[in-house]
>>> print(open('run.cif').read())   # mmCIF, C-alpha atoms
data_entry
#
loop_
_atom_site.label_atom_id
_atom_site.label_comp_id
_atom_site.auth_asym_id
_atom_site.auth_seq_id
_atom_site.Cartn_x
_atom_site.Cartn_y
_atom_site.Cartn_z
CA MET D 609 -80.29 -28.87 -56.51
CA ILE D 610 -81.71 -27.13 -53.45
CA ALA D 611 -80.28 -28.45 -50.19
CA SER D 612 -82.75 -29.46 -47.49
CA SER D 613 -82.45 -27.58 -44.21
CA ALA D 614 -81.04 -30.67 -42.49
CA GLU D 615 -78.36 -30.87 -45.15
CA ASP D 616 -77.75 -27.17 -44.82
CA SER D 617 -77.10 -27.34 -41.07
CA PHE D 618 -74.90 -30.43 -41.62
CA ASN D 619 -72.82 -28.36 -44.06
CA ARG D 620 -72.59 -25.47 -41.62
CA LYS D 621 -71.29 -27.79 -38.89
CA LEU D 622 -68.68 -29.14 -41.28
CA LEU D 623 -67.30 -25.70 -42.03
CA ASN D 624 -66.18 -25.18 -38.46
CA VAL D 625 -63.25 -27.57 -38.80
CA SER D 626 -59.68 -27.99 -37.53
CA VAL D 627 -56.77 -30.23 -38.61
CA SER D 628 -57.55 -32.86 -35.97
CA GLU D 629 -61.21 -33.29 -36.97
CA HIS D 630 -60.70 -36.08 -39.45
CA ALA D 631 -64.35 -37.05 -39.88
CA LYS D 632 -65.27 -33.53 -41.00
CA ILE D 633 -62.20 -33.18 -43.24
CA ALA D 634 -63.07 -36.51 -44.87
CA LYS D 635 -66.67 -35.47 -45.57
CA LEU D 636 -65.54 -32.17 -47.08
CA ILE D 637 -62.95 -33.82 -49.36
CA THR D 638 -65.68 -36.12 -50.66
CA LYS D 639 -67.81 -33.05 -51.35
CA ILE D 640 -64.92 -31.40 -53.20
CA GLU D 641 -64.46 -34.55 -55.29
CA ASN D 642 -68.17 -34.54 -56.15
CA ASN D 643 -68.20 -30.80 -56.98
CA GLU D 644 -70.56 -30.13 -54.05
CA PHE D 645 -68.27 -27.79 -52.13
CA ASN D 646 -66.68 -24.59 -53.36
CA VAL D 647 -63.18 -24.21 -51.90
CA ALA D 648 -62.77 -20.68 -53.26
CA SER D 649 -65.68 -19.40 -51.18
CA PHE D 650 -64.50 -21.41 -48.16
CA VAL D 651 -61.22 -19.46 -48.28
CA LEU D 652 -63.13 -16.25 -47.62
CA THR D 653 -64.75 -17.64 -44.45
CA GLN D 654 -61.47 -18.71 -42.86
CA ASN D 655 -58.97 -16.56 -41.06
CA THR D 656 -55.87 -18.68 -41.60
CA MET D 657 -53.03 -18.93 -44.12
CA SER D 658 -50.79 -17.16 -41.64
CA LYS D 659 -48.94 -20.44 -41.16
CA THR D 660 -46.45 -21.62 -43.72
CA CYS D 661 -47.48 -24.81 -45.40
CA ILE D 662 -45.46 -26.86 -47.85
CA ALA D 663 -46.94 -29.29 -50.37
CA ILE D 664 -44.48 -31.97 -51.44
CA GLY D 665 -44.99 -34.39 -54.32
CA ILE D 666 -43.51 -37.87 -53.98
CA THR D 667 -43.14 -39.46 -57.37
CA GLY D 668 -41.51 -42.43 -59.07
CA GLY D 669 -42.41 -45.65 -60.84
CA ALA D 670 -44.61 -48.46 -59.52
CA GLY D 671 -43.11 -50.28 -56.55
CA VAL D 672 -40.07 -48.03 -55.96
CA GLY D 673 -41.15 -47.40 -52.37
CA LYS D 674 -43.12 -44.13 -52.44
CA SER D 675 -45.58 -45.19 -49.72
CA THR D 676 -42.90 -46.68 -47.49
CA PHE D 677 -40.84 -43.49 -47.87
CA ILE D 678 -43.86 -41.39 -46.90
CA ASP D 679 -44.48 -43.62 -43.88
CA LYS D 680 -41.01 -42.75 -42.51
CA PHE D 681 -41.20 -39.11 -43.68
CA ILE D 682 -44.36 -38.67 -41.58
CA TYR D 683 -42.48 -40.09 -38.61
CA GLN D 684 -39.78 -37.39 -39.03
CA ALA D 685 -42.42 -34.67 -39.33
CA LEU D 686 -44.11 -35.81 -36.12
CA ILE D 687 -40.81 -35.66 -34.23
CA GLU D 688 -40.74 -31.98 -35.18
CA LYS D 689 -44.37 -31.62 -34.07
CA LYS D 690 -45.64 -30.82 -37.56
CA SER D 691 -49.17 -31.67 -38.63
CA VAL D 692 -49.29 -33.77 -41.78
CA ALA D 693 -51.88 -34.53 -44.44
CA VAL D 694 -51.22 -37.22 -47.03
CA ILE D 695 -53.03 -37.62 -50.34
CA ALA D 696 -52.19 -41.02 -51.82
CA ILE D 697 -53.29 -41.42 -55.42
CA ASP D 698 -53.77 -44.82 -57.04
CA PRO D 699 -54.76 -45.59 -60.62
CA THR D 700 -58.34 -46.22 -61.68
CA SER D 701 -58.77 -49.08 -64.15
CA LYS D 702 -59.69 -47.84 -67.60
CA ILE D 703 -61.17 -51.28 -68.29
CA THR D 704 -63.56 -51.59 -65.32
CA ASN D 705 -63.55 -48.12 -63.65
CA GLY D 706 -62.54 -49.80 -60.36
CA THR D 707 -59.63 -48.71 -58.15
CA LEU D 708 -57.54 -50.55 -55.59
CA LEU D 709 -56.37 -47.95 -53.09
CA GLY D 710 -53.51 -49.92 -51.59
CA ASP D 711 -51.08 -47.32 -50.27
CA ARG D 712 -52.48 -47.69 -46.75
CA ILE D 713 -50.84 -51.09 -46.45
CA ARG D 714 -47.43 -49.36 -46.20
CA PHE D 715 -48.46 -46.70 -43.70
CA ASN D 716 -47.67 -48.92 -40.79
CA THR D 717 -46.04 -46.72 -38.21
CA ASP D 718 -48.48 -46.27 -35.35
CA TYR D 719 -48.78 -42.50 -35.52
CA PRO D 720 -50.81 -40.71 -32.91
CA SER D 721 -54.24 -40.86 -34.52
CA LYS D 722 -54.92 -37.10 -34.35
CA GLY D 723 -51.61 -35.93 -35.84
CA VAL D 724 -51.85 -37.31 -39.35
CA TYR D 725 -54.69 -37.26 -41.85
CA ILE D 726 -54.34 -39.74 -44.73
CA ARG D 727 -56.69 -39.88 -47.69
CA SER D 728 -56.52 -42.22 -50.68
CA LEU D 729 -57.74 -40.79 -53.98
CA ALA D 730 -58.65 -42.59 -57.20
CA SER D 731 -57.15 -41.07 -60.34
CA SER D 732 -60.62 -41.61 -61.90
CA ASP D 733 -60.81 -40.79 -65.60
CA SER D 734 -57.84 -38.40 -65.56
CA PRO D 735 -55.42 -39.16 -68.42
CA THR D 736 -52.50 -37.69 -66.41
CA GLY D 737 -53.07 -39.70 -63.22
CA ILE D 738 -53.87 -36.49 -61.34
CA PRO D 739 -57.46 -36.47 -60.01
CA ALA D 740 -59.56 -33.61 -61.39
CA ARG D 741 -60.06 -31.90 -58.01
CA LEU D 742 -56.53 -32.34 -56.61
CA GLY D 743 -55.77 -28.61 -56.78
CA ASP D 744 -58.87 -27.75 -54.74
CA ILE D 745 -58.18 -30.50 -52.22
CA ILE D 746 -54.63 -29.22 -51.65
CA ALA D 747 -55.93 -25.64 -51.33
CA PHE D 748 -58.47 -26.85 -48.77
CA LEU D 749 -55.85 -28.69 -46.69
CA LYS D 750 -53.65 -25.59 -46.74
CA ILE D 751 -56.48 -23.41 -45.48
CA LEU D 752 -57.10 -25.85 -42.64
CA GLY D 753 -53.52 -25.21 -41.50
CA PHE D 754 -51.60 -28.45 -42.03
CA ASP D 755 -47.83 -27.83 -41.87
CA ILE D 756 -46.92 -30.44 -44.48
CA ILE D 757 -49.03 -31.91 -47.29
CA LEU D 758 -47.59 -34.96 -49.02
CA ILE D 759 -48.96 -36.00 -52.40
CA GLU D 760 -48.11 -39.51 -53.51
CA THR D 761 -48.55 -39.80 -57.28
CA VAL D 762 -49.55 -42.92 -59.14
CA GLY D 763 -46.54 -44.90 -60.34
CA ILE D 764 -45.22 -42.74 -63.18
CA GLY D 765 -43.64 -43.39 -66.57
CA GLN D 766 -41.25 -41.39 -68.71
CA SER D 767 -43.33 -38.28 -69.38
CA ASP D 768 -45.50 -37.76 -66.30
CA ILE D 769 -44.77 -34.35 -64.77
CA GLU D 770 -48.31 -33.06 -64.15
CA ILE D 771 -47.78 -33.11 -60.35
CA ASN D 772 -45.37 -30.17 -60.81
CA LYS D 773 -48.35 -27.80 -61.13
CA TYR D 774 -49.67 -28.62 -57.68
CA VAL D 775 -46.75 -28.70 -55.23
CA GLU D 776 -43.82 -26.58 -54.05
CA LYS D 777 -41.26 -29.40 -53.92
CA ILE D 778 -40.84 -32.77 -55.58
CA ILE D 779 -38.96 -35.79 -54.31
CA THR D 780 -38.32 -38.45 -56.94
CA ILE D 781 -37.64 -42.05 -56.01
CA PRO D 782 -35.81 -43.40 -59.06
CA SER D 783 -36.21 -46.89 -60.37
CA HIS D 784 -33.11 -49.07 -60.27
CA ASP D 785 -34.01 -50.17 -63.77
CA SER D 786 -33.19 -46.76 -65.26
CA ASP D 787 -29.49 -46.97 -64.51
CA ASP D 788 -28.60 -46.37 -68.16
CA TRP D 789 -27.57 -42.75 -68.86
CA VAL D 790 -29.88 -42.23 -71.82
CA GLN D 791 -32.91 -43.17 -69.72
CA GLN D 792 -31.99 -40.43 -67.27
CA PHE D 793 -31.53 -37.87 -70.05
CA LYS D 794 -35.02 -38.65 -71.40
CA LEU D 795 -36.88 -38.82 -68.10
CA GLY D 796 -39.57 -36.17 -67.51
CA ALA D 797 -39.22 -36.50 -63.74
CA ASN D 798 -35.67 -35.22 -64.03
CA GLU D 799 -36.96 -31.83 -65.18
CA ILE D 800 -39.01 -31.26 -62.04
CA SER D 801 -37.20 -33.00 -59.16
CA ASP D 802 -35.87 -31.06 -56.16
CA LEU D 803 -34.40 -34.13 -54.52
CA TYR D 804 -33.70 -37.76 -55.40
CA PHE D 805 -33.99 -40.56 -52.91
CA ILE D 806 -32.47 -43.78 -54.28
CA ASN D 807 -34.30 -46.39 -52.25
CA LYS D 808 -33.80 -50.05 -51.32
CA THR D 809 -30.02 -49.79 -50.88
CA ASP D 810 -30.38 -52.62 -48.36
CA LYS D 811 -31.42 -54.92 -51.22
CA VAL D 812 -30.00 -53.47 -54.44
CA ASN D 813 -26.60 -52.04 -55.31
CA SER D 814 -27.48 -48.45 -56.15
CA THR D 815 -24.12 -47.29 -57.54
CA THR D 816 -25.03 -47.47 -61.24
CA THR D 817 -28.36 -45.68 -60.65
CA LYS D 818 -26.61 -42.91 -58.72
CA THR D 819 -23.88 -42.57 -61.38
CA ALA D 820 -26.46 -42.31 -64.19
CA ILE D 821 -28.45 -39.60 -62.39
CA GLU D 822 -25.33 -37.66 -61.45
CA GLU D 823 -24.02 -37.79 -65.00
CA TYR D 824 -27.24 -36.17 -66.19
CA LEU D 825 -27.19 -33.56 -63.40
CA GLY D 826 -23.51 -32.81 -64.10
CA ILE D 827 -24.38 -31.84 -67.67
CA LYS D 828 -27.58 -29.97 -66.81
CA TYR D 829 -25.91 -28.02 -63.96
CA PRO D 830 -22.25 -27.64 -65.07
CA ASN D 831 -21.35 -25.50 -62.04
CA GLY D 832 -23.43 -27.58 -59.67
CA ILE D 833 -25.43 -24.51 -58.66
CA GLY D 834 -29.09 -25.32 -58.08
CA ALA D 835 -28.59 -29.02 -58.74
CA PRO D 836 -30.93 -31.28 -56.77
CA GLY D 837 -29.36 -33.56 -54.16
CA VAL D 838 -29.07 -37.28 -54.78
CA LEU D 839 -29.48 -39.31 -51.59
CA GLU D 840 -29.37 -43.03 -50.99
CA GLY D 841 -31.07 -45.06 -48.33
CA SER D 842 -33.69 -47.58 -47.37
CA ALA D 843 -37.13 -46.31 -46.44
CA LEU D 844 -38.05 -49.74 -45.10
CA GLN D 845 -35.13 -49.67 -42.64
CA ASN D 846 -35.56 -45.91 -42.03
CA ILE D 847 -32.05 -45.19 -43.34
CA GLY D 848 -31.55 -41.81 -45.02
CA VAL D 849 -35.11 -40.55 -44.68
CA LYS D 850 -34.16 -38.05 -41.95
CA THR D 851 -31.51 -36.57 -44.28
CA ALA D 852 -34.12 -36.28 -47.04
CA TYR D 853 -36.55 -34.64 -44.62
CA ASP D 854 -33.96 -32.10 -43.40
CA LYS D 855 -32.89 -31.29 -46.92
CA ILE D 856 -36.39 -30.74 -48.38
CA MET D 857 -37.58 -28.79 -45.33
CA GLY D 858 -34.48 -26.61 -45.45
CA ASN D 859 -33.27 -27.61 -41.97
CA MET Q 830 -65.07 -57.17 -68.56
CA LYS Q 831 -66.29 -53.80 -69.91
CA ILE Q 832 -67.32 -50.60 -68.23
CA ASP Q 833 -71.11 -50.51 -67.96
CA ASP Q 834 -73.47 -48.14 -66.16
CA ASN Q 835 -73.27 -50.10 -62.92
CA ASN Q 836 -69.47 -49.85 -62.92
CA ARG Q 837 -69.79 -46.08 -63.31
CA LEU Q 838 -72.20 -45.84 -60.38
CA ARG Q 839 -70.00 -48.09 -58.25
CA SER Q 840 -66.91 -46.01 -59.03
CA LYS Q 841 -68.23 -43.23 -56.74
CA LYS Q 842 -68.54 -45.62 -53.79
CA ARG Q 843 -65.69 -46.38 -51.40
CA ILE Q 844 -65.37 -49.73 -49.62
CA LEU Q 845 -62.76 -50.48 -46.94
CA ILE Q 846 -61.69 -54.11 -46.66
CA ALA Q 847 -59.92 -54.66 -43.34
CA LYS Q 848 -58.05 -57.41 -41.53
CA VAL Q 849 -58.23 -57.21 -37.76
CA GLY Q 850 -56.17 -58.67 -34.93
CA LEU Q 851 -53.80 -61.60 -34.95
CA ASP Q 852 -54.91 -63.19 -38.20
CA GLY Q 853 -52.75 -63.49 -41.31
CA HIS Q 854 -55.26 -65.31 -43.51
CA ASP Q 855 -55.77 -62.74 -46.21
CA ARG Q 856 -56.56 -64.76 -49.33
CA GLY Q 857 -60.30 -64.24 -48.86
CA ALA Q 858 -59.77 -60.51 -48.40
CA LYS Q 859 -57.66 -60.37 -51.56
CA ILE Q 860 -60.33 -62.22 -53.57
CA ILE Q 861 -63.00 -59.77 -52.37
CA ILE Q 862 -60.74 -56.76 -53.04
CA ASN Q 863 -60.09 -57.78 -56.62
CA PHE Q 864 -63.68 -58.78 -57.31
CA LEU Q 865 -65.08 -55.47 -56.02
CA LYS Q 866 -62.39 -53.52 -57.87
CA GLU Q 867 -63.22 -55.32 -61.13
CA SER Q 868 -66.88 -54.50 -60.52
CA GLY Q 869 -65.98 -50.79 -60.46
CA TYR Q 870 -65.81 -49.94 -56.75
CA GLN Q 871 -63.05 -47.93 -55.08
CA VAL Q 872 -61.54 -50.45 -52.68
CA ILE Q 873 -59.22 -49.48 -49.84
CA TYR Q 874 -57.25 -52.24 -48.18
CA SER Q 875 -56.08 -51.81 -44.57
CA GLY Q 876 -53.31 -54.39 -44.62
CA LEU Q 877 -52.88 -57.04 -41.93
CA HIS Q 878 -53.03 -56.96 -38.13
CA LYS Q 879 -54.96 -53.72 -37.58
CA THR Q 880 -56.64 -52.95 -34.27
CA PRO Q 881 -60.37 -52.14 -34.26
CA GLU Q 882 -59.45 -48.52 -33.45
CA GLN Q 883 -57.06 -48.29 -36.43
CA ILE Q 884 -59.74 -49.68 -38.74
CA VAL Q 885 -62.25 -47.10 -37.54
CA ASN Q 886 -59.69 -44.32 -38.03
CA ILE Q 887 -59.05 -45.49 -41.60
CA ALA Q 888 -62.80 -45.71 -42.32
CA ILE Q 889 -63.32 -42.18 -40.97
CA GLN Q 890 -60.33 -40.60 -42.75
CA GLU Q 891 -61.26 -42.26 -46.03
CA ASP Q 892 -64.99 -41.40 -45.72
CA VAL Q 893 -66.01 -44.88 -46.84
CA ASP Q 894 -69.55 -46.03 -47.57
CA ALA Q 895 -68.96 -49.56 -46.25
CA VAL Q 896 -66.44 -51.52 -44.21
CA GLY Q 897 -65.91 -55.24 -44.76
CA ILE Q 898 -63.94 -56.93 -42.00
CA SER Q 899 -62.36 -60.32 -42.65
CA ILE Q 900 -61.87 -62.44 -39.53
CA LEU Q 901 -60.67 -66.03 -39.39
CA SER Q 902 -59.19 -66.01 -35.89
CA GLY Q 903 -62.31 -66.83 -33.87
CA SER Q 904 -62.13 -63.57 -31.90
CA HIS Q 905 -64.89 -61.91 -33.92
CA THR Q 906 -67.24 -61.11 -31.04
CA GLU Q 907 -64.68 -59.18 -28.98
CA LEU Q 908 -63.08 -57.43 -31.97
CA VAL Q 909 -66.37 -56.44 -33.59
CA SER Q 910 -67.68 -55.16 -30.28
CA GLU Q 911 -64.60 -52.93 -29.84
CA PHE Q 912 -64.94 -51.81 -33.45
CA PHE Q 913 -68.50 -50.57 -32.93
CA THR Q 914 -67.65 -48.78 -29.68
CA GLU Q 915 -65.06 -46.76 -31.61
CA LEU Q 916 -67.16 -46.34 -34.76
CA ASN Q 917 -70.25 -45.11 -32.95
CA SER Q 918 -68.25 -42.45 -31.11
CA LYS Q 919 -66.43 -41.13 -34.19
CA SER Q 920 -68.61 -41.52 -37.27
CA LEU Q 921 -70.65 -38.62 -38.64
CA SER Q 922 -72.80 -40.80 -40.86
CA LYS Q 923 -74.04 -44.35 -41.31
CA ILE Q 924 -71.31 -46.69 -42.56
CA LEU Q 925 -72.39 -50.15 -43.66
CA VAL Q 926 -70.54 -52.97 -41.92
CA PHE Q 927 -70.19 -56.50 -43.24
CA ILE Q 928 -68.15 -59.37 -41.85
CA GLY Q 929 -66.59 -62.27 -43.70
CA GLY Q 930 -64.62 -65.32 -42.59
CA THR Q 931 -65.04 -68.29 -40.30
CA ILE Q 932 -68.04 -67.13 -38.32
CA PRO Q 933 -70.18 -69.92 -36.80
CA SER Q 934 -73.91 -69.46 -37.39
CA TYR Q 935 -74.65 -69.37 -33.64
CA ASP Q 936 -72.75 -66.06 -33.45
CA PHE Q 937 -74.71 -64.36 -36.26
CA ASN Q 938 -77.30 -62.83 -33.96
CA VAL Q 939 -74.71 -61.57 -31.47
CA LEU Q 940 -72.85 -59.79 -34.27
CA LYS Q 941 -76.03 -58.36 -35.78
CA GLU Q 942 -77.05 -57.00 -32.38
CA LEU Q 943 -73.67 -55.27 -32.17
CA GLY Q 944 -74.53 -53.49 -35.43
CA VAL Q 945 -73.26 -55.72 -38.25
CA ASP Q 946 -75.42 -55.26 -41.35
CA GLU Q 947 -74.57 -58.52 -43.12
CA LEU Q 948 -72.46 -61.67 -42.70
CA PHE Q 949 -70.65 -63.67 -45.37
CA PRO Q 950 -69.26 -66.80 -43.70
CA THR Q 951 -66.79 -69.20 -45.33
CA GLY Q 952 -68.41 -70.81 -48.36
CA THR Q 953 -70.24 -67.65 -49.51
CA GLU Q 954 -70.71 -67.23 -53.27
CA ILE Q 955 -68.67 -64.16 -54.11
CA ALA Q 956 -71.43 -62.70 -56.32
CA SER Q 957 -73.71 -62.49 -53.29
CA VAL Q 958 -71.36 -59.93 -51.69
CA LEU Q 959 -71.60 -57.75 -54.79
CA PHE Q 960 -75.35 -58.26 -55.02
CA TRP Q 961 -75.82 -57.19 -51.39
CA LEU Q 962 -73.53 -54.15 -51.68
CA ASP Q 963 -75.23 -53.03 -54.91
CA LYS Q 964 -78.67 -53.40 -53.37
CA THR Q 965 -77.76 -51.64 -50.12
CA LEU Q 966 -75.76 -48.85 -51.75
CA GLN Q 967 -78.54 -48.41 -54.31
CA ILE Q 968 -76.57 -49.28 -57.42
CA SER Q 969 -79.19 -50.07 -60.05
CA ASN Q 970 -78.90 -53.69 -61.09
CA SER Q 971 -81.40 -53.87 -63.90
#
>>> encode(input="run.cif", output="structure tokens")
Amino acid sequence: MIASSAEDSFNRKLLNVSVSEHAKIAKLITKIENNEFNVASFVLTQNTMSKTCIAIGITGGAGVGKSTFIDKFIYQALIEKKSVAVIAIDPTSKITNGTLLGDRIRFNTDYPSKGVYIRSLASSDSPTGIPARLGDIIAFLKILGFDIILIETVGIGQSDIEINKYVEKIITIPSHDSDDWVQQFKLGANEISDLYFINKTDKVNSTTTKTAIEEYLGIKYPNGIGAPGVLEGSALQNIGVKTAYDKIMGN
Amino acid sequence: MKIDDNNRLRSKKRILIAKVGLDGHDRGAKIIINFLKESGYQVIYSGLHKTPEQIVNIAIQEDVDAVGISILSGSHTELVSEFFTELNSKSLSKILVFIGGTIPSYDFNVLKELGVDELFPTGTEIASVLFWLDKTLQISNS
């Protein structure tokens, strides 16, 4: 397809873009999703990447509190004057092709509008729950110069570890229903997690969940060296999220 | 319900459904959300009690094709006016805007003059929302 000259000049305007220009970022992500924008060639036109950027995956089952955790994590990042981009993935129905992108409901903190860019993505026809263009979208956000990129996965099951290919760190929010040791030994997420955040301690007694995870980690890391931390807290009440932030950011 | 060609076309389109101001009546919004989702659209929900500025920011960040605002509080004229002031200063492209809820017919023209593309007051047949979106977003309906 040959672009009209109006389209061409629209594209040129888009390419001159900074982290606070959300309208342009949004248009470009749509173009990446539709295979209309080549991120690899965009890299060559930009003079950035001098900044350090960390992409963090937030994963866990449906309803464990991934979005609420991210809401408070963003708040911590803003205190440290970091720029944040969030990609929140929700599942596309394999029956109707429709998607309810509902993570926004939990992003309630009134952040300064320029500091945080949030984009919901449909998993589309991906069998892994990872949208086809996620790698390019993360690369694009890194080039723009965001300090922190948070990727919220779809609610995962026992064997979903695809996110591991796309991010530097992974925080897992365990389900309180997998408090049986054998569930922890089987769980794919346990092979990729850098940190656990056991959520909803204001509502649920988390002792058995913590014990089950620590039993697994005690066998996997007999000397404790390199073992991921296991934290407890309540994202809703903003308890423990600062500790998780400091730990994952290496503060 | 099965995936047909229209569902596939709709699955590229993004619709924001938003609740604005002091208004907790969200059953209508939920019905619309589920209906559009089952028709194949990508539907983003804002959650309750958003300001007009927050809704515009969501619409911009999410690069939506259309925004549907549900209002049952009676403050539609003021809120929609604020919404368009923000939208017109921030948007890079045309975003369709439709309003649903308890909107008296004597306010229709005021809202349309502010920039609203279509109104779906209480009592609307739900299929007419889909029909209008399909037609306006050029989803073939044959």
>>> resolve_selection(input="run.cif", expression="the PyMOL selection byres ((chain Q and resi 834-840) around 7)", output="list in words")
Thr704, Asn705 and Gly706 of chain D; Ile832, Asp833, Lys841, Lys842, Ser868, Gly869, Tyr870, Gln871, Ile968, Ser969 and Asn970 of chain Q
>>> resolve_selection(input="run.cif", expression="the PyMOL selection byres ((chain D) within 12 of (chain Q))", output="compact mmCIF listing (two decimals) with C-alpha atoms, in the frame of the given file")
# COMPACT_ATOMS: atom_id res chain seq x y z
CA PHE D 618 -74.90 -30.43 -41.62
CA ASN D 619 -72.82 -28.36 -44.06
CA LYS D 621 -71.29 -27.79 -38.89
CA LEU D 622 -68.68 -29.14 -41.28
CA VAL D 627 -56.77 -30.23 -38.61
CA SER D 628 -57.55 -32.86 -35.97
CA GLU D 629 -61.21 -33.29 -36.97
CA HIS D 630 -60.70 -36.08 -39.45
CA ALA D 631 -64.35 -37.05 -39.88
CA LYS D 632 -65.27 -33.53 -41.00
CA ILE D 633 -62.20 -33.18 -43.24
CA ALA D 634 -63.07 -36.51 -44.87
CA LYS D 635 -66.67 -35.47 -45.57
CA LEU D 636 -65.54 -32.17 -47.08
CA ILE D 637 -62.95 -33.82 -49.36
CA THR D 638 -65.68 -36.12 -50.66
CA LYS D 639 -67.81 -33.05 -51.35
CA GLU D 641 -64.46 -34.55 -55.29
CA ASN D 642 -68.17 -34.54 -56.15
CA ALA D 693 -51.88 -34.53 -44.44
CA VAL D 694 -51.22 -37.22 -47.03
CA ILE D 695 -53.03 -37.62 -50.34
CA ALA D 696 -52.19 -41.02 -51.82
CA ILE D 697 -53.29 -41.42 -55.42
CA ASP D 698 -53.77 -44.82 -57.04
CA PRO D 699 -54.76 -45.59 -60.62
CA THR D 700 -58.34 -46.22 -61.68
CA SER D 701 -58.77 -49.08 -64.15
CA LYS D 702 -59.69 -47.84 -67.60
CA ILE D 703 -61.17 -51.28 -68.29
CA THR D 704 -63.56 -51.59 -65.32
CA ASN D 705 -63.55 -48.12 -63.65
CA GLY D 706 -62.54 -49.80 -60.36
CA THR D 707 -59.63 -48.71 -58.15
CA LEU D 708 -57.54 -50.55 -55.59
CA LEU D 709 -56.37 -47.95 -53.09
CA GLY D 710 -53.51 -49.92 -51.59
CA ASP D 711 -51.08 -47.32 -50.27
CA ARG D 712 -52.48 -47.69 -46.75
CA ILE D 713 -50.84 -51.09 -46.45
CA ARG D 714 -47.43 -49.36 -46.20
CA PHE D 715 -48.46 -46.70 -43.70
CA ASN D 716 -47.67 -48.92 -40.79
CA THR D 717 -46.04 -46.72 -38.21
CA ASP D 718 -48.48 -46.27 -35.35
CA TYR D 719 -48.78 -42.50 -35.52
CA PRO D 720 -50.81 -40.71 -32.91
CA SER D 721 -54.24 -40.86 -34.52
CA LYS D 722 -54.92 -37.10 -34.35
CA GLY D 723 -51.61 -35.93 -35.84
CA VAL D 724 -51.85 -37.31 -39.35
CA TYR D 725 -54.69 -37.26 -41.85
CA ILE D 726 -54.34 -39.74 -44.73
CA ARG D 727 -56.69 -39.88 -47.69
CA SER D 728 -56.52 -42.22 -50.68
CA LEU D 729 -57.74 -40.79 -53.98
CA ALA D 730 -58.65 -42.59 -57.20
CA SER D 731 -57.15 -41.07 -60.34
CA SER D 732 -60.62 -41.61 -61.90
CA ASP D 733 -60.81 -40.79 -65.60
>>> resolve_selection(input="run.cif", expression="the PyMOL selection byres ((chain Q and resi 904) around 10)", output="ChimeraX atom specification")
/Q:849-852,900-903,905-909,932
>>> residues_near_point(input="run.cif", point="(-30.0, -35.6, -45.0)", cutoff="12 Å", atoms="all atoms listed in the file", output="PyMOL selection string")
chain D and resi 681+684+803-805+837-841+847-859
>>> closest_residue(input="run.cif", among="Q:Val896, Q:Ile860, Q:Ile924, Q:Leu966", to="Leu948 of chain Q", atoms="all atoms listed in the file")
Q:Val896
>>> atom_distance(input="run.cif", atom1="atom CA of Phe960 of chain Q", atom2="atom CA of Phe912 of chain Q")
24.8 Å
>>> atom_distance(input="run.cif", atom1="atom CA of Val945 of chain Q", atom2="atom CA of His878 of chain Q")
20.3 Å
>>> atom_distance(input="run.cif", atom1="atom CA of Ile955 of chain Q", atom2="atom CA of Lys859 of chain Q")
11.9 Å
>>> closest_residue(input="run.cif", among="D:Ala685, D:Ile821, D:Ile779, D:Ile757", to="Ile662 of chain D", atoms="all atoms listed in the file")
D:Ile757
>>> build_atoms(input="run.cif", residues="segment 926-935 of chain Q", atoms="N, CA and C atoms", output="PDB file, in the frame of the given file")
ATOM      1  N   VAL Q 926     -71.578 -52.072 -42.409  1.00  0.00           N
ATOM      2  CA  VAL Q 926     -70.540 -52.970 -41.920  1.00  0.00           C
ATOM      3  C   VAL Q 926     -70.901 -54.402 -42.279  1.00  0.00           C
ATOM      4  N   PHE Q 927     -69.990 -55.080 -42.970  1.00  0.00           N
ATOM      5  CA  PHE Q 927     -70.190 -56.500 -43.240  1.00  0.00           C
ATOM      6  C   PHE Q 927     -68.962 -57.284 -42.808  1.00  0.00           C
ATOM      7  N   ILE Q 928     -69.220 -58.541 -42.403  1.00  0.00           N
ATOM      8  CA  ILE Q 928     -68.150 -59.370 -41.850  1.00  0.00           C
ATOM      9  C   ILE Q 928     -68.031 -60.627 -42.705  1.00  0.00           C
ATOM     10  N   GLY Q 929     -66.799 -61.017 -43.002  1.00  0.00           N
ATOM     11  CA  GLY Q 929     -66.590 -62.270 -43.700  1.00  0.00           C
ATOM     12  C   GLY Q 929     -65.581 -63.135 -42.953  1.00  0.00           C
ATOM     13  N   GLY Q 930     -65.601 -64.431 -43.220  1.00  0.00           N
ATOM     14  CA  GLY Q 930     -64.620 -65.320 -42.590  1.00  0.00           C
ATOM     15  C   GLY Q 930     -65.266 -66.500 -41.910  1.00  0.00           C
ATOM     16  N   THR Q 931     -64.512 -67.110 -40.990  1.00  0.00           N
ATOM     17  CA  THR Q 931     -65.040 -68.290 -40.300  1.00  0.00           C
ATOM     18  C   THR Q 931     -65.878 -67.867 -39.094  1.00  0.00           C
ATOM     19  N   ILE Q 932     -67.119 -67.574 -39.380  1.00  0.00           N
ATOM     20  CA  ILE Q 932     -68.040 -67.130 -38.320  1.00  0.00           C
ATOM     21  C   ILE Q 932     -69.100 -68.230 -38.161  1.00  0.00           C
ATOM     22  N   PRO Q 933     -69.152 -68.893 -36.996  1.00  0.00           N
ATOM     23  CA  PRO Q 933     -70.180 -69.920 -36.800  1.00  0.00           C
ATOM     24  C   PRO Q 933     -71.583 -69.305 -36.735  1.00  0.00           C
ATOM     25  N   SER Q 934     -72.566 -70.040 -37.245  1.00  0.00           N
ATOM     26  CA  SER Q 934     -73.910 -69.460 -37.390  1.00  0.00           C
ATOM     27  C   SER Q 934     -74.510 -69.056 -36.037  1.00  0.00           C
ATOM     28  N   TYR Q 935     -74.066 -69.742 -34.942  1.00  0.00           N
ATOM     29  CA  TYR Q 935     -74.650 -69.370 -33.640  1.00  0.00           C
ATOM     30  C   TYR Q 935     -74.192 -68.001 -33.159  1.00  0.00           C
TER      31      TYR Q 935
END
